[in-house]
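Below: the structure, in structure tokens.
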Amino acid sequence: MRTEASYLGLRLPHPFIAGASPFGHHVDSVKRLEDAGWAAVVLHSLFEEQITEASGGRIRHMDPLNPSFAGMLAHFPAHHEYALGPDAYAEHISRIKQAVKIPVIGSLNGTSPESWLKFARVIQQAGADALELNLYEVVANLVTPAAAIEATLAGIVAEVKRIITIPLAVKVLPYFTSFGDMARQLDKAGADALVLFNRFYQADIDIKTMKVTPQVVLSTSSELLLRLRWLAILHGRIRPALAVTGGVSVPNDGIKAILAGADVVQMTSALLRHGPTYVSAMRDGLERWMEWHQIETLDDVRGRASLQRTHDPSASERADYIHTLQTWGH
């Protein structure tokens, strides 16, 4: 019985990866992840806004010293509030690579295909084994067409692939009219893996102050189903590897993700809830399940619950939808 997995050209002893979290802020805490048995670690993101402010003094093309932009830029963290600045981030990767043997995946988070992307090469030179590109944006401009958004995202991926030689994973939101076509565009642009999905963080409103209040709520197993559907739809139909992130809280969640087609399972919320040693519970649960079903390798069952061999995946999804509604109350 073997639990080995392959992701971004990396051979891993099992599929459980520590997702981006505060554990990536310090060399000692990354070492704790390695000692606990995580197969790899994704570091926290360096943001486009940090890079453009450090290199050109602007945030989203706005000068922080210009009073006319003060109200808008007040919503962004001050540069000292980020865990690490651009130069420190690169040095941080270098120090981590000297301290641990597990693969270290750097992360960039942004929205535009501009000069900040050149920092991807700095992350590579610092020693990262791969790069995760986190494309997170809620487009609030009411006149921006969907095609333009998709073209921008694909263009960002193509530009980063031109700059670096290490593998590139792309983490995206699921909210596209046709996510399957978006996945195909990212495939064509050169993505080596897709990470499904970025969580849609939603601010609350404080009725006392009547102001928007940002909040972070850790994910639960209830968020997994959306990811399972798209893993099942994409498995075997696009070239990039598939990683799941969000909604993996217990061992059964990780098993379901592999059955749907995931190559690896990223975990952040469960890591923050239970600490680094929780990876042992995930591994034990997977191994017991494999033993019970007499499964030799993960490749033997990966994608078994996918739609790869379904004649008409769209019809299958429609049938599942109708069947779900008809079973309510029965």
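Residues are referred to by chain and number: the chain letter is A, B, ... according to the order shown in the structure tokens, the number counts from 1 in that chain, and ligands are numbered separately from 1 in the order shown.
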
List every residue of range 160-203 of chain A that DSSP, applied to the backbone of this structure, assigns to alpha helix (DSSP H), and report them as a short mmCIF file (atom, residue, chain, number, x, y, z; two decimals) with C-alpha atoms, in the first residue's frame.
```cif
data_model
loop_
_atom_site.label_atom_id
_atom_site.label_comp_id
_atom_site.auth_asym_id
_atom_site.auth_seq_id
_atom_site.Cartn_x
_atom_site.Cartn_y
_atom_site.Cartn_z
CA VAL A 160 4.76 34.42 -15.52
CA LYS A 161 5.49 31.23 -17.49
CA ARG A 162 7.67 33.32 -19.80
CA ILE A 163 9.64 34.64 -16.83
CA PHE A 179 -15.25 27.73 -15.45
CA GLY A 180 -14.41 24.78 -17.69
CA ASP A 181 -13.43 27.16 -20.48
CA MET A 182 -11.45 29.30 -18.00
CA ALA A 183 -9.58 26.18 -16.93
CA ARG A 184 -8.86 25.40 -20.57
CA GLN A 185 -7.51 28.94 -21.12
CA LEU A 186 -5.22 28.64 -18.10
CA ASP A 187 -4.08 25.27 -19.42
CA LYS A 188 -3.27 26.83 -22.79
CA ALA A 189 -1.46 29.73 -21.07
#
```

Write out as a short mmCIF file (atom, residue, chain, number, x, y, z; two decimals) with N, CA and C atoms, in the first residue's frame which residues come within 8 Å of Val30 in chain A when counting only C-alpha atoms, dropping same-chain ones fewer than 5 positions away.
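This is the output file around.cif:
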```cif
data_model
loop_
_atom_site.label_atom_id
_atom_site.label_comp_id
_atom_site.auth_asym_id
_atom_site.auth_seq_id
_atom_site.Cartn_x
_atom_site.Cartn_y
_atom_site.Cartn_z
N PHE A 23 1.71 29.88 9.45
CA PHE A 23 2.82 28.98 9.72
C PHE A 23 3.99 29.22 8.77
N GLY A 24 3.73 29.88 7.65
CA GLY A 24 4.80 30.17 6.71
C GLY A 24 5.57 31.43 7.03
N HIS A 25 5.17 32.15 8.08
CA HIS A 25 5.81 33.43 8.38
C HIS A 25 7.19 33.29 8.99
N VAL A 41 4.97 22.61 1.62
CA VAL A 41 4.35 23.78 2.23
C VAL A 41 4.22 24.89 1.18
N ILE A 96 14.44 29.41 4.49
CA ILE A 96 13.62 28.21 4.69
C ILE A 96 14.21 27.03 3.91
N VAL A 100 14.88 23.31 5.69
CA VAL A 100 14.01 22.14 5.54
C VAL A 100 14.30 21.42 4.23
#
```

As a PyMOL selection string, please: all residues of range 86-309 of chain A that backbone DSSP puts in strand (DSSP E or B).
chain A and resi 104-110+130-135+168-172+193-196+204-206+211-213+241-245+264-267+297

Just give me the gap between CA of Pro251 in chain A and CA of Tyr175 in chain A in Å, one decimal is fine.
27.0 Å

Write out as a Markdown table a residue-level contact list of range 138-217 of chain A versus range 239-246 of chain A with cut-off 7 Å: for each qualifying residue the closest pair of atoms and the distance in Å to one decimal, counting only C-alpha atoms, rows sorted by chain and residue number upward.
```
| residue | atom | partner | partner_atom | distance |
| --- | --- | --- | --- | --- |
| A:Asp187 | CA | A:Pro240 | CA | 6.2 |
| A:Ala191 | CA | A:Pro240 | CA | 6.3 |
| A:Asp192 | CA | A:Pro240 | CA | 4.7 |
| A:Ala193 | CA | A:Ala241 | CA | 4.3 |
| A:Leu194 | CA | A:Leu242 | CA | 5.2 |
| A:Val195 | CA | A:Ala243 | CA | 4.7 |
| A:Leu196 | CA | A:Val244 | CA | 4.9 |
| A:Phe197 | CA | A:Thr245 | CA | 5.8 |
| A:Arg199 | CA | A:Gly246 | CA | 7.0 |
```

Output N, CA and C atoms for every residue in that selection, as an mmCIF file, in the first residue's frame.
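Final output, saved to out31.cif:
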```
data_model
loop_
_atom_site.group_PDB
_atom_site.id
_atom_site.type_symbol
_atom_site.label_atom_id
_atom_site.label_comp_id
_atom_site.auth_asym_id
_atom_site.auth_seq_id
_atom_site.Cartn_x
_atom_site.Cartn_y
_atom_site.Cartn_z
ATOM 1 N N ASP A 187 -4.862 26.393 -18.908
ATOM 2 C CA ASP A 187 -4.079 25.266 -19.423
ATOM 3 C C ASP A 187 -3.270 25.722 -20.629
ATOM 4 N N ALA A 191 -0.267 26.956 -17.350
ATOM 5 C CA ALA A 191 -0.344 26.557 -15.946
ATOM 6 C C ALA A 191 -0.007 25.079 -15.797
ATOM 7 N N ASP A 192 0.820 24.758 -14.813
ATOM 8 C CA ASP A 192 1.184 23.368 -14.553
ATOM 9 C C ASP A 192 0.214 22.701 -13.579
ATOM 10 N N ALA A 193 -0.549 23.511 -12.845
ATOM 11 C CA ALA A 193 -1.554 22.983 -11.917
ATOM 12 C C ALA A 193 -2.612 24.043 -11.695
ATOM 13 N N LEU A 194 -3.823 23.600 -11.389
ATOM 14 C CA LEU A 194 -4.899 24.494 -10.966
ATOM 15 C C LEU A 194 -5.237 24.163 -9.521
ATOM 16 N N VAL A 195 -5.397 25.195 -8.707
ATOM 17 C CA VAL A 195 -5.733 25.025 -7.298
ATOM 18 C C VAL A 195 -7.179 25.470 -7.111
ATOM 19 N N LEU A 196 -8.050 24.524 -6.751
ATOM 20 C CA LEU A 196 -9.490 24.755 -6.684
ATOM 21 C C LEU A 196 -9.959 24.713 -5.228
ATOM 22 N N PHE A 197 -10.437 25.766 -4.671
ATOM 23 C CA PHE A 197 -10.583 27.096 -5.216
ATOM 24 C C PHE A 197 -10.134 28.114 -4.190
ATOM 25 N N ARG A 199 -11.011 30.939 -1.755
ATOM 26 C CA ARG A 199 -12.241 31.234 -1.019
ATOM 27 C C ARG A 199 -12.663 32.673 -1.282
#
```

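Among the candidate residues A:Thr52, A:Arg2, A:Ile166, A:Gly190, the one lying nearest to Glu291 in chain A is A:Arg2, with distances computed using only C-alpha atoms.
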